[in-house]
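Shown next: upload36.txt, given as compact mmCIF, C-alpha atoms and all ligand atoms.
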```
# COMPACT_ATOMS: atom_id res chain seq x y z
CA MET Y 253 -41.63 -89.43 4.31
CA PRO Y 254 -41.88 -88.01 7.83
CA THR Y 255 -41.82 -84.33 6.72
CA THR Y 256 -44.48 -84.64 3.99
CA GLY Y 257 -47.38 -82.27 4.61
CA LYS Y 258 -45.63 -80.60 7.53
CA VAL Y 259 -43.95 -77.22 7.89
CA ILE Y 260 -40.15 -77.67 7.84
CA THR Y 261 -38.06 -75.46 10.08
CA CYS Y 262 -34.55 -74.96 8.66
CA LYS Y 263 -31.80 -72.43 7.98
CA ALA Y 264 -31.72 -69.77 5.27
CA ALA Y 265 -29.68 -66.66 4.49
CA VAL Y 266 -32.13 -63.75 4.59
CA ALA Y 267 -31.66 -60.33 2.95
CA TRP Y 268 -33.65 -57.86 5.08
CA GLU Y 269 -32.78 -54.69 3.16
CA ASP Y 270 -30.66 -53.60 0.24
CA GLY Y 271 -26.98 -52.94 0.79
CA LYS Y 272 -26.80 -54.97 4.01
CA PRO Y 273 -25.14 -58.38 4.51
CA LEU Y 274 -27.38 -61.44 4.71
CA THR Y 275 -28.12 -63.00 8.08
CA ILE Y 276 -28.57 -66.69 8.78
CA GLU Y 277 -32.06 -67.24 10.19
CA GLU Y 278 -34.38 -70.04 11.17
CA VAL Y 279 -37.20 -70.08 8.60
CA GLN Y 280 -40.44 -72.03 8.19
CA VAL Y 281 -41.02 -73.67 4.81
CA ALA Y 282 -44.67 -74.57 4.21
CA PRO Y 283 -45.70 -77.74 2.32
CA PRO Y 284 -46.01 -77.36 -1.46
CA GLN Y 285 -49.43 -76.37 -2.80
CA GLU Y 286 -51.00 -77.10 -6.20
CA HIS Y 287 -48.31 -77.56 -8.86
CA GLU Y 288 -45.49 -76.81 -6.42
CA VAL Y 289 -42.45 -78.86 -5.43
CA ARG Y 290 -40.58 -78.69 -2.11
CA ILE Y 291 -36.85 -79.20 -2.67
CA LYS Y 292 -34.08 -79.97 -0.19
CA ILE Y 293 -31.34 -77.71 -1.57
CA VAL Y 294 -27.98 -79.50 -1.43
CA ALA Y 295 -25.70 -76.93 -3.06
CA THR Y 296 -25.95 -73.52 -4.69
CA GLY Y 297 -23.62 -71.26 -6.62
CA VAL Y 298 -23.39 -67.54 -5.90
CA CYS Y 299 -23.95 -65.46 -9.07
CA HIS Y 300 -23.22 -61.78 -9.69
CA THR Y 301 -26.97 -61.21 -10.17
CA ASP Y 302 -27.50 -62.00 -6.45
CA LEU Y 303 -24.86 -59.42 -5.57
CA HIS Y 304 -26.33 -56.90 -8.03
CA PHE Y 305 -29.78 -57.23 -6.51
CA LEU Y 306 -28.48 -56.70 -2.98
CA TYR Y 307 -25.80 -54.07 -3.41
CA THR Y 308 -26.34 -52.21 -6.71
CA SER Y 309 -29.92 -52.29 -7.90
CA HIS Y 310 -31.42 -50.42 -4.90
CA ARG Y 311 -34.63 -52.17 -5.65
CA LYS Y 312 -37.19 -51.22 -3.06
CA GLY Y 313 -40.00 -53.50 -2.02
CA GLY Y 314 -38.02 -56.65 -2.78
CA PHE Y 315 -37.27 -57.44 0.86
CA PRO Y 316 -37.12 -59.47 3.01
CA CYS Y 317 -35.85 -61.89 0.45
CA ILE Y 318 -33.95 -65.14 0.11
CA LEU Y 319 -31.44 -64.72 -2.72
CA GLY Y 320 -29.85 -67.56 -4.73
CA HIS Y 321 -30.93 -68.96 -8.09
CA GLU Y 322 -28.17 -71.42 -9.03
CA GLY Y 323 -29.05 -74.42 -6.88
CA ALA Y 324 -29.47 -78.17 -7.10
CA GLY Y 325 -31.26 -80.50 -4.73
CA ILE Y 326 -33.57 -83.42 -4.05
CA VAL Y 327 -37.36 -83.38 -4.16
CA GLU Y 328 -38.70 -83.72 -0.60
CA SER Y 329 -42.42 -83.67 -1.44
CA VAL Y 330 -44.81 -82.53 -4.15
CA GLY Y 331 -48.13 -80.71 -4.13
CA PRO Y 332 -51.41 -81.79 -5.75
CA GLY Y 333 -51.32 -81.99 -9.54
CA VAL Y 334 -47.57 -82.58 -9.78
CA THR Y 335 -47.00 -85.53 -12.10
CA LYS Y 336 -43.41 -85.19 -13.31
CA PHE Y 337 -41.59 -85.36 -9.97
CA LYS Y 338 -41.52 -87.61 -6.93
CA PRO Y 339 -39.69 -87.50 -3.60
CA GLY Y 340 -36.03 -88.46 -4.05
CA ASP Y 341 -35.66 -87.08 -7.60
CA LYS Y 342 -32.52 -85.03 -8.23
CA VAL Y 343 -33.47 -81.64 -9.66
CA ILE Y 344 -32.22 -78.22 -10.67
CA PRO Y 345 -34.73 -75.40 -10.07
CA VAL Y 346 -34.65 -72.88 -12.93
CA PHE Y 347 -35.34 -69.12 -12.96
CA VAL Y 348 -36.81 -69.30 -16.48
CA SER Y 349 -39.72 -71.76 -16.48
CA GLN Y 350 -40.85 -73.96 -19.34
CA CYS Y 351 -44.59 -74.49 -19.08
CA GLY Y 352 -44.68 -75.91 -22.61
CA GLU Y 353 -47.99 -74.21 -23.37
CA CYS Y 354 -47.52 -70.44 -23.61
CA LYS Y 355 -46.78 -68.60 -26.86
CA ASN Y 356 -43.05 -68.42 -26.19
CA CYS Y 357 -42.78 -72.06 -25.09
CA ARG Y 358 -44.51 -73.14 -28.28
CA SER Y 359 -42.14 -71.06 -30.43
CA PRO Y 360 -38.65 -72.36 -31.23
CA ARG Y 361 -37.53 -68.71 -31.27
CA SER Y 362 -37.74 -68.03 -27.54
CA ASN Y 363 -37.01 -69.53 -24.14
CA LEU Y 364 -38.80 -66.80 -22.18
CA CYS Y 365 -41.73 -68.74 -20.79
CA ASP Y 366 -44.65 -66.37 -20.14
CA ASN Y 367 -45.46 -68.26 -16.95
CA SER Y 368 -42.06 -67.64 -15.34
CA TRP Y 369 -41.82 -66.12 -11.89
CA TRP Y 370 -41.87 -62.52 -13.13
CA SER Y 371 -45.40 -62.99 -14.40
CA LYS Y 372 -46.69 -64.27 -11.06
CA GLN Y 373 -44.65 -62.41 -8.52
CA GLN Y 374 -43.72 -58.77 -8.44
CA TYR Y 375 -41.44 -56.82 -6.19
CA ASP Y 376 -43.82 -53.89 -5.77
CA GLY Y 377 -45.52 -55.44 -2.77
CA LYS Y 378 -48.91 -55.37 -4.54
CA THR Y 379 -48.83 -58.87 -5.91
CA GLU Y 380 -48.72 -61.88 -3.66
CA PRO Y 381 -45.25 -63.40 -3.89
CA LEU Y 382 -44.85 -67.16 -4.21
CA GLY Y 383 -43.66 -67.03 -0.60
CA ARG Y 384 -44.10 -70.42 1.04
CA ILE Y 385 -41.26 -69.34 3.33
CA THR Y 386 -41.71 -67.23 6.45
CA CYS Y 387 -39.27 -65.87 8.98
CA LYS Y 388 -40.22 -64.17 12.23
CA ARG Y 389 -43.83 -64.36 10.99
CA GLN Y 390 -43.02 -62.35 7.87
CA ARG Y 391 -43.48 -63.75 4.40
CA ILE Y 392 -40.16 -63.91 2.57
CA ILE Y 393 -39.82 -63.22 -1.16
CA GLN Y 394 -37.95 -65.93 -3.05
CA PHE Y 395 -35.52 -64.28 -5.48
CA GLU Y 396 -36.32 -65.11 -9.11
CA GLY Y 397 -39.02 -67.45 -7.85
CA LEU Y 398 -36.40 -69.74 -6.31
CA GLY Y 399 -34.45 -68.60 -3.22
CA THR Y 400 -31.72 -71.25 -3.10
CA PHE Y 401 -29.77 -69.75 -0.19
CA ALA Y 402 -31.91 -71.97 2.04
CA GLU Y 403 -31.93 -75.60 3.15
CA TYR Y 404 -35.43 -76.05 1.67
CA SER Y 405 -37.40 -74.11 -0.92
CA VAL Y 406 -40.78 -74.45 -2.67
CA VAL Y 407 -40.98 -73.70 -6.39
CA TYR Y 408 -43.47 -74.09 -9.24
CA ASP Y 409 -43.25 -77.45 -11.01
CA ILE Y 410 -42.77 -75.69 -14.38
CA ALA Y 411 -39.52 -74.25 -12.94
CA VAL Y 412 -37.91 -77.60 -12.11
CA ALA Y 413 -35.62 -79.74 -14.31
CA LYS Y 414 -35.25 -83.41 -13.38
CA ILE Y 415 -31.64 -84.57 -13.81
CA ALA Y 416 -29.70 -87.84 -13.72
CA ASP Y 417 -29.63 -89.75 -10.40
CA ASP Y 418 -25.83 -89.94 -10.44
CA ALA Y 419 -25.24 -86.21 -11.11
CA PRO Y 420 -23.05 -84.53 -8.45
CA LEU Y 421 -25.29 -81.73 -7.16
CA ASP Y 422 -22.38 -79.61 -5.89
CA LYS Y 423 -21.13 -79.30 -9.47
CA VAL Y 424 -24.22 -79.36 -11.69
CA CYS Y 425 -25.86 -76.57 -9.68
CA LEU Y 426 -23.80 -74.25 -11.92
CA LEU Y 427 -26.09 -75.24 -14.78
CA GLY Y 428 -28.95 -73.52 -12.95
CA CYS Y 429 -27.60 -70.18 -14.13
CA GLY Y 430 -24.03 -69.12 -14.89
CA VAL Y 431 -22.57 -71.84 -17.06
CA SER Y 432 -25.76 -72.47 -19.04
CA THR Y 433 -26.12 -68.71 -19.63
CA GLY Y 434 -22.64 -68.03 -21.01
CA TYR Y 435 -22.42 -71.29 -22.96
CA GLY Y 436 -25.86 -70.77 -24.53
CA ALA Y 437 -25.11 -67.11 -25.29
CA ALA Y 438 -22.49 -68.35 -27.78
CA LEU Y 439 -24.34 -71.39 -29.10
CA ASN Y 440 -27.99 -70.27 -29.11
CA SER Y 441 -28.10 -66.46 -28.96
CA ALA Y 442 -25.12 -65.56 -31.19
CA LYS Y 443 -25.05 -68.86 -33.10
CA VAL Y 444 -21.26 -68.56 -33.46
CA GLN Y 445 -20.07 -70.03 -36.77
CA PRO Y 446 -16.98 -72.23 -37.19
CA GLY Y 447 -13.82 -70.31 -38.01
CA SER Y 448 -15.10 -67.00 -36.62
CA THR Y 449 -13.45 -64.45 -34.34
CA CYS Y 450 -15.08 -63.73 -30.98
CA ALA Y 451 -14.45 -61.33 -28.09
CA VAL Y 452 -15.70 -61.99 -24.57
CA PHE Y 453 -15.79 -59.02 -22.18
CA GLY Y 454 -15.63 -60.06 -18.50
CA LEU Y 455 -14.22 -63.39 -17.40
CA GLY Y 456 -16.38 -64.40 -14.47
CA ALA Y 457 -18.29 -67.69 -14.72
CA ILE Y 458 -20.61 -66.23 -17.36
CA GLY Y 459 -17.79 -64.96 -19.56
CA LEU Y 460 -15.69 -68.11 -19.19
CA ALA Y 461 -18.73 -70.19 -20.14
CA ALA Y 462 -19.17 -67.95 -23.21
CA VAL Y 463 -15.52 -68.65 -24.09
CA MET Y 464 -16.27 -72.37 -23.70
CA GLY Y 465 -19.31 -71.99 -25.99
CA CYS Y 466 -17.31 -70.11 -28.65
CA GLN Y 467 -14.74 -72.90 -28.62
CA ALA Y 468 -17.44 -75.58 -28.86
CA ALA Y 469 -18.91 -73.74 -31.86
CA GLY Y 470 -15.53 -73.89 -33.61
CA ALA Y 471 -14.40 -70.26 -33.32
CA SER Y 472 -10.81 -69.94 -34.49
CA ARG Y 473 -9.94 -66.91 -32.39
CA ILE Y 474 -11.38 -66.03 -28.98
CA ILE Y 475 -10.21 -62.74 -27.46
CA ALA Y 476 -10.68 -62.62 -23.68
CA VAL Y 477 -11.07 -59.11 -22.24
CA ASP Y 478 -10.88 -58.30 -18.53
CA ILE Y 479 -9.46 -55.57 -16.30
CA ASN Y 480 -8.29 -58.29 -13.86
CA LYS Y 481 -5.26 -60.00 -15.41
CA ASP Y 482 -5.56 -62.88 -12.93
CA LYS Y 483 -8.52 -64.14 -14.99
CA PHE Y 484 -6.47 -64.78 -18.14
CA SER Y 485 -4.91 -68.12 -17.16
CA LYS Y 486 -8.39 -69.54 -16.48
CA ALA Y 487 -9.67 -68.16 -19.79
CA LYS Y 488 -6.86 -69.98 -21.58
CA GLU Y 489 -8.01 -73.27 -19.99
CA PHE Y 490 -11.47 -72.63 -21.48
CA GLY Y 491 -10.16 -71.96 -24.98
CA ALA Y 492 -9.28 -68.25 -25.21
CA THR Y 493 -6.50 -67.53 -27.70
CA ASP Y 494 -5.80 -63.80 -27.06
CA PHE Y 495 -5.92 -61.68 -23.91
CA VAL Y 496 -6.55 -57.95 -23.68
CA ASN Y 497 -6.57 -55.82 -20.54
CA PRO Y 498 -8.26 -52.48 -21.39
CA ASN Y 499 -6.11 -50.82 -18.72
CA ASP Y 500 -2.96 -51.61 -20.73
CA HIS Y 501 -4.15 -49.39 -23.60
CA ASP Y 502 -4.66 -45.64 -24.09
CA LYS Y 503 -7.21 -46.17 -26.86
CA PRO Y 504 -10.84 -47.23 -26.26
CA ILE Y 505 -11.09 -51.02 -26.11
CA GLN Y 506 -13.25 -51.19 -29.26
CA GLU Y 507 -10.45 -49.51 -31.24
CA VAL Y 508 -7.90 -51.94 -29.81
CA LEU Y 509 -9.99 -54.94 -30.84
CA SER Y 510 -10.79 -53.48 -34.24
CA GLY Y 511 -7.06 -53.04 -34.85
CA LEU Y 512 -6.33 -56.61 -33.75
CA THR Y 513 -8.98 -58.10 -36.04
CA ASP Y 514 -8.89 -56.05 -39.25
CA GLY Y 515 -12.11 -54.16 -38.61
CA GLY Y 516 -13.83 -55.91 -35.74
CA VAL Y 517 -14.82 -59.30 -34.42
CA ASP Y 518 -17.65 -61.43 -35.79
CA TYR Y 519 -19.25 -61.91 -32.35
CA SER Y 520 -18.87 -60.12 -29.02
CA PHE Y 521 -20.32 -60.86 -25.60
CA GLU Y 522 -20.72 -58.38 -22.74
CA CYS Y 523 -20.57 -60.48 -19.57
CA VAL Y 524 -20.12 -57.75 -16.96
CA GLY Y 525 -23.34 -55.70 -16.70
CA ASN Y 526 -21.64 -52.36 -17.50
CA VAL Y 527 -23.62 -50.20 -19.96
CA GLU Y 528 -20.53 -48.42 -21.36
CA LEU Y 529 -18.89 -51.77 -21.96
CA MET Y 530 -22.06 -52.95 -23.77
CA VAL Y 531 -21.57 -50.10 -26.24
CA SER Y 532 -17.85 -50.90 -26.54
CA ALA Y 533 -18.67 -54.55 -27.21
CA LEU Y 534 -21.11 -53.52 -29.96
CA GLU Y 535 -18.58 -51.17 -31.55
CA ALA Y 536 -15.88 -53.87 -31.37
CA CYS Y 537 -17.91 -55.93 -33.86
CA ASN Y 538 -17.54 -55.87 -37.61
CA LYS Y 539 -19.77 -53.01 -38.78
CA SER Y 540 -21.52 -55.06 -41.45
CA TRP Y 541 -22.21 -58.45 -39.94
CA GLY Y 542 -20.98 -58.29 -36.33
CA VAL Y 543 -23.36 -59.61 -33.67
CA SER Y 544 -23.04 -58.39 -30.08
CA VAL Y 545 -24.80 -60.22 -27.27
CA ILE Y 546 -25.69 -58.49 -24.00
CA VAL Y 547 -25.36 -61.09 -21.27
CA GLY Y 548 -24.54 -58.86 -18.27
CA TRP Y 549 -27.46 -57.75 -16.13
CA ASN Y 550 -28.27 -54.08 -15.57
CA ASN Y 551 -31.73 -52.70 -14.88
CA THR Y 552 -30.73 -49.33 -13.49
CA GLU Y 553 -28.80 -47.55 -16.26
CA MET Y 554 -29.45 -46.71 -19.94
CA MET Y 555 -27.25 -47.35 -22.97
CA SER Y 556 -26.48 -44.71 -25.57
CA VAL Y 557 -25.19 -45.36 -29.07
CA SER Y 558 -25.20 -43.50 -32.38
CA PRO Y 559 -27.71 -45.00 -34.86
CA ALA Y 560 -24.89 -44.76 -37.43
CA GLN Y 561 -23.23 -47.65 -35.57
CA MET Y 562 -26.05 -49.93 -36.66
CA LEU Y 563 -26.68 -48.76 -40.23
CA GLY Y 564 -24.12 -51.04 -41.82
CA GLY Y 565 -25.94 -54.09 -40.50
CA ARG Y 566 -24.27 -55.04 -37.24
CA SER Y 567 -26.80 -56.26 -34.72
CA TRP Y 568 -27.34 -56.13 -31.02
CA THR Y 569 -29.12 -58.86 -29.12
CA GLY Y 570 -29.39 -60.23 -25.62
CA THR Y 571 -29.85 -63.44 -23.75
CA VAL Y 572 -31.66 -64.73 -20.70
CA PHE Y 573 -30.36 -68.08 -19.51
CA GLY Y 574 -28.41 -68.54 -22.73
CA GLY Y 575 -31.58 -69.02 -24.75
CA TRP Y 576 -32.05 -72.56 -23.41
CA LYS Y 577 -35.56 -73.89 -23.02
CA SER Y 578 -34.84 -74.71 -19.42
CA VAL Y 579 -36.71 -77.86 -18.38
CA GLU Y 580 -35.77 -79.85 -21.49
CA SER Y 581 -32.21 -78.48 -21.90
CA VAL Y 582 -30.78 -78.57 -18.38
CA PRO Y 583 -30.87 -82.40 -18.14
CA LYS Y 584 -29.03 -82.56 -21.49
CA LEU Y 585 -26.41 -80.11 -20.24
CA VAL Y 586 -25.98 -82.28 -17.14
CA ALA Y 587 -25.47 -85.28 -19.44
CA ASP Y 588 -22.89 -83.25 -21.41
CA TYR Y 589 -20.99 -82.62 -18.19
CA MET Y 590 -21.16 -86.28 -17.14
CA ALA Y 591 -19.78 -87.26 -20.58
CA LYS Y 592 -17.01 -84.62 -20.19
CA ARG Y 593 -18.26 -82.60 -23.15
CA ILE Y 594 -18.50 -79.46 -21.01
CA LYS Y 595 -16.46 -78.29 -18.03
CA LEU Y 596 -17.94 -77.42 -14.64
CA ASP Y 597 -15.33 -78.28 -11.99
CA GLU Y 598 -12.94 -75.69 -13.43
CA PHE Y 599 -15.36 -72.86 -12.57
CA ILE Y 600 -15.37 -73.71 -8.86
CA THR Y 601 -12.70 -71.84 -6.91
CA HIS Y 602 -14.24 -71.90 -3.42
CA THR Y 603 -16.62 -74.10 -1.41
CA LEU Y 604 -18.19 -72.73 1.76
CA PRO Y 605 -21.09 -73.54 4.11
CA LEU Y 606 -24.29 -71.44 3.85
CA GLU Y 607 -22.91 -69.26 6.66
CA GLY Y 608 -20.12 -68.17 4.27
CA VAL Y 609 -22.52 -66.45 1.85
CA ASN Y 610 -21.30 -62.91 2.66
CA ASP Y 611 -17.70 -64.11 2.25
CA ALA Y 612 -18.70 -65.44 -1.18
CA PHE Y 613 -19.91 -61.93 -2.12
CA ASP Y 614 -16.63 -60.44 -0.82
CA LEU Y 615 -14.56 -62.92 -2.86
CA MET Y 616 -16.54 -62.03 -5.98
CA THR Y 617 -16.21 -58.26 -5.42
CA ALA Y 618 -12.46 -58.61 -4.82
CA GLY Y 619 -12.10 -60.58 -8.09
CA LYS Y 620 -10.67 -63.58 -6.23
CA SER Y 621 -13.30 -66.19 -7.13
CA ILE Y 622 -14.91 -67.52 -10.26
CA ARG Y 623 -17.68 -69.43 -8.51
CA THR Y 624 -18.16 -70.13 -4.84
CA ILE Y 625 -20.40 -73.10 -4.08
CA LEU Y 626 -22.36 -73.04 -0.83
CA LYS Y 627 -22.95 -76.55 0.49
CA MET Y 628 -25.86 -76.97 2.88
P1 LIG R 1 -18.35 -61.87 -12.00
O1 LIG R 1 -18.38 -60.70 -11.07
O2 LIG R 1 -17.88 -63.17 -11.47
O3 LIG R 1 -17.43 -61.54 -13.26
C1 LIG R 1 -17.40 -60.27 -13.89
C2 LIG R 1 -16.03 -60.10 -14.56
O4 LIG R 1 -16.03 -58.85 -15.27
C3 LIG R 1 -14.86 -60.02 -13.57
O5 LIG R 1 -13.83 -60.90 -13.98
C4 LIG R 1 -14.41 -58.55 -13.67
O6 LIG R 1 -13.01 -58.39 -13.45
C5 LIG R 1 -14.78 -58.22 -15.10
N1 LIG R 1 -14.93 -56.78 -15.38
C6 LIG R 1 -15.47 -55.82 -14.56
N2 LIG R 1 -15.43 -54.61 -15.18
C7 LIG R 1 -14.86 -54.83 -16.40
C8 LIG R 1 -14.54 -53.97 -17.50
N3 LIG R 1 -14.81 -52.65 -17.46
N4 LIG R 1 -13.95 -54.50 -18.59
C9 LIG R 1 -13.67 -55.83 -18.65
N5 LIG R 1 -13.96 -56.70 -17.63
C10 LIG R 1 -14.54 -56.19 -16.53
O7 LIG R 1 -19.82 -61.98 -12.60
P2 LIG R 1 -20.64 -63.22 -13.23
O8 LIG R 1 -21.30 -64.01 -12.14
O9 LIG R 1 -19.79 -63.91 -14.23
O10 LIG R 1 -21.82 -62.40 -13.97
C11 LIG R 1 -21.54 -61.56 -15.07
C12 LIG R 1 -22.76 -60.76 -15.48
O11 LIG R 1 -23.75 -61.63 -16.05
C13 LIG R 1 -23.48 -60.05 -14.32
O12 LIG R 1 -23.94 -58.79 -14.79
C14 LIG R 1 -24.66 -60.96 -14.03
O13 LIG R 1 -25.70 -60.27 -13.38
C15 LIG R 1 -25.02 -61.36 -15.44
N6 LIG R 1 -25.87 -62.57 -15.61
C16 LIG R 1 -26.80 -62.54 -16.61
C17 LIG R 1 -27.59 -63.66 -16.85
C18 LIG R 1 -28.55 -63.68 -17.98
O14 LIG R 1 -29.44 -64.58 -18.01
N7 LIG R 1 -28.45 -62.79 -18.95
C19 LIG R 1 -27.44 -64.81 -16.05
C20 LIG R 1 -26.46 -64.79 -15.07
C21 LIG R 1 -25.68 -63.67 -14.84
ZN ZN R 2 -27.29 -65.95 -12.19
ZN ZN R 3 -44.29 -71.22 -21.11
```

Mind turning the file's structure into structure tokens?
Ligand code: NAD
Ligand code: ZN
Ligand code: ZN
Amino acid sequence: MPTTGKVITCKAAVAWEDGKPLTIEEVQVAPPQEHEVRIKIVATGVCHTDLHFLYTSHRKGGFPCILGHEGAGIVESVGPGVTKFKPGDKVIPVFVSQCGECKNCRSPRSNLCDNSWWSKQQYDGKTEPLGRITCKRQRIIQFEGLGTFAEYSVVYDIAVAKIADDAPLDKVCLLGCGVSTGYGAALNSAKVQPGSTCAVFGLGAIGLAAVMGCQAAGASRIIAVDINKDKFSKAKEFGATDFVNPNDHDKPIQEVLSGLTDGGVDYSFECVGNVELMVSALEACNKSWGVSVIVGWNNTEMMSVSPAQMLGGRSWTGTVFGGWKSVESVPKLVADYMAKRIKLDEFITHTLPLEGVNDAFDLMTAGKSIRTILKM
């Protein structure tokens, strides 16, 4: 390969500071080092977590940064010690690693690999970021250890899933975050039982994938909740049976759902990232056995709930990447898509070039998209 061992100059969307649109820049991507893989990114989805980091979290010290963590691509070259990948392999880089050796990897009870990016790279500026990418002579932080809003990226080999050679990368990239997260929230984190009643709050890609997971688990009733009524027709396609717009009611949404379900749903999913809604989703569950899963991301606000809400036995849990052990599960999810057991195409409402990344954020904020795919 002509580029092996050389610095690659290519395009990337760079976030220079919080709250400001990304700019398309020429960046330099260094060759992969020990246990690293350089990937030619072919397509990437735009997730609300990218938007949250840039416009809501006000996280200092995390810039300049290349956002994007829902990509798919082709291995360009590998560093020393990499045995599982070779140039030409189709791959999905994953924001939760699977080293296979740490305490969590060895336990069937967790997918939170201790050697994931957050253990190696911090946003406080004190720890050396992975950063094989530079722009204008500055080292660029790769968001969640990935940075897929770029034509090339370098990631750790424990954060790469090898997928089928015939997988369409502009579709299966969604398994790098959104669809896997919502789908797994229902199947792995809540362990939805056949015949149960579920409520999904927020019908973006994550929420719709949770609806899809509830249906796959055999739920008999799936209540889709969103303040944007335009999302309901899509939710129906994914298996939702009831639709509730909180703005159509004077009562708190948990009381509305409790009334609809004779005392609360069996499982609820907060797929927005709104702390008040997380409490509503908990209180919408049956007070004895209800399980509420926090899927939405929020690292800036606190939740507040009366302990009495929990005494009867309802439980609150959360999910990162739908509980999937990433490296082994993502190829299986790709196979499920290829065999038409799970939907992906239906999540994609817009396709844009990398230069359209800020438009993708605008579409998401305006509630007009489910997922925008950026094609390099
Ligand atoms: P999105 O913006 O596409 O969708 C959010 C949906 O919530 C929209 O349809 C919006 O209308 C709806 N909504 C907003 N306020 C609401 C309210 N008060 N009540 C009901 N509905 C409301 O977002 P997305 O990409 O689907 O992501 C959803 C959340 O999941 C984000 O917080 C994201 O950061 C998080 N996330 C978490 C993980 C994880 O591993 N846990 C992974 C990916 C994304
Ligand atoms: Zn995401
Ligand atoms: Zn591990």

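Pocket residues of ligand ZN 3 (chain R), taken as those with any atom at most 12 Å away using only C-alpha atoms and all ligand atoms, are Val348, Ser349, Gln350, Cys351, Gly352, Glu353, Cys354, Lys355, Asn356, Cys357, Arg358, Ser359, Pro360, Ser362, Asn363, Leu364, Cys365, Asp366, Asn367, Ser368, Trp369, Ser371, Asp409, Ile410, Ala411, Lys577, Ser578 and Val579 of chain Y.
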
To check your reading of the model: which residues sit at most 8 Å from ligand ZN 2 (chain R) when counting only C-alpha atoms and all ligand atoms? Write the answer as a VMD selection string. chain Y and resid 298 to 302 321 to 322 428 to 430

Using all atoms listed in the file, find each residue with an atom at most 6 Å away from ligand LIG 1 (chain R) and format the answer as a PDB file with C-alpha atoms, in the frame of the given file.
```
ATOM      1  CA  CYS Y 299     -23.950 -65.460  -9.070  1.00  0.00           C
ATOM      2  CA  HIS Y 300     -23.220 -61.780  -9.690  1.00  0.00           C
ATOM      3  CA  THR Y 301     -26.970 -61.210 -10.170  1.00  0.00           C
ATOM      4  CA  CYS Y 429     -27.600 -70.180 -14.130  1.00  0.00           C
ATOM      5  CA  GLY Y 430     -24.030 -69.120 -14.890  1.00  0.00           C
ATOM      6  CA  THR Y 433     -26.120 -68.710 -19.630  1.00  0.00           C
ATOM      7  CA  PHE Y 453     -15.790 -59.020 -22.180  1.00  0.00           C
ATOM      8  CA  GLY Y 454     -15.630 -60.060 -18.500  1.00  0.00           C
ATOM      9  CA  LEU Y 455     -14.220 -63.390 -17.400  1.00  0.00           C
ATOM     10  CA  GLY Y 456     -16.380 -64.400 -14.470  1.00  0.00           C
ATOM     11  CA  ALA Y 457     -18.290 -67.690 -14.720  1.00  0.00           C
ATOM     12  CA  ILE Y 458     -20.610 -66.230 -17.360  1.00  0.00           C
ATOM     13  CA  GLY Y 459     -17.790 -64.960 -19.560  1.00  0.00           C
ATOM     14  CA  VAL Y 477     -11.070 -59.110 -22.240  1.00  0.00           C
ATOM     15  CA  ASP Y 478     -10.880 -58.300 -18.530  1.00  0.00           C
ATOM     16  CA  ILE Y 479      -9.460 -55.570 -16.300  1.00  0.00           C
ATOM     17  CA  ASN Y 480      -8.290 -58.290 -13.860  1.00  0.00           C
ATOM     18  CA  CYS Y 523     -20.570 -60.480 -19.570  1.00  0.00           C
ATOM     19  CA  VAL Y 524     -20.120 -57.750 -16.960  1.00  0.00           C
ATOM     20  CA  GLY Y 525     -23.340 -55.700 -16.700  1.00  0.00           C
ATOM     21  CA  VAL Y 547     -25.360 -61.090 -21.270  1.00  0.00           C
ATOM     22  CA  GLY Y 548     -24.540 -58.860 -18.270  1.00  0.00           C
ATOM     23  CA  TRP Y 549     -27.460 -57.750 -16.130  1.00  0.00           C
ATOM     24  CA  THR Y 571     -29.850 -63.440 -23.750  1.00  0.00           C
ATOM     25  CA  VAL Y 572     -31.660 -64.730 -20.700  1.00  0.00           C
ATOM     26  CA  PHE Y 573     -30.360 -68.080 -19.510  1.00  0.00           C
ATOM     27  CA  MET Y 616     -16.540 -62.030  -5.980  1.00  0.00           C
ATOM     28  CA  GLY Y 619     -12.100 -60.580  -8.090  1.00  0.00           C
ATOM     29  CA  ILE Y 622     -14.910 -67.520 -10.260  1.00  0.00           C
TER      30      ILE Y 622
END
```

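With all atoms listed in the file as the basis for measurement, Y:Asp482 is the residue among Y:Trp576, Y:His501, Y:Asp482, Y:Val424 that approaches Ser621 of chain Y most closely.
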
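Straight-line separation from atom CA of Gly574 of chain Y to atom CA of Ser441 of chain Y: 6.6 Å.
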
For atom CA of Ser309 of chain Y and atom CA of Thr552 of chain Y, the interatomic separation in Å (one decimal): 6.4 Å

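Note that atom CA of Glu553 of chain Y and atom CA of Glu528 of chain Y are 9.8 Å apart.
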
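In terms of minimum interatomic distance to Pro254 of chain Y, Y:Pro339 ranks closest within Y:Pro339, Y:Gly608, Y:Pro504, Y:Gly565, counting only C-alpha atoms.
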
For Leu398 of chain Y, which residue out of Y:Thr513, Y:Thr296, Y:Ser520, Y:Asn550 is the nearest one, using all atoms listed in the file? Y:Thr296

Shell of 7 Å around Glu403 of chain Y, all atoms listed in the file, local chain residues under 2 positions omitted, as a ChimeraX atom specification: /Y:262-264,292-293,405,628

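Nearest residue to Val343 of chain Y, choosing from Y:Lys414, Y:Lys592, Y:Lys423, Y:Arg290 and counting all atoms listed in the file: Y:Lys414.
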
Please report, as a tab-separated table, each residue of segment 561-589 of chain Y lying at most 6 Å from segment 534-544 of chain Y, together with the nearest pair of atoms and the separation in Å rounded to one decimal; use all atoms listed in the file, and order rows by chain and ascending residue number.
```
residue	atom	partner	partner_atom	distance
Y:Gly564	CA	Y:Ser540	CA	4.8
Y:Gly565	CA	Y:Ser540	CA	4.6
Y:Arg566	CA	Y:Gly542	CA	4.7
Y:Ser567	CA	Y:Val543	CA	4.9
Y:Trp568	CA	Y:Ser544	CA	4.9
```
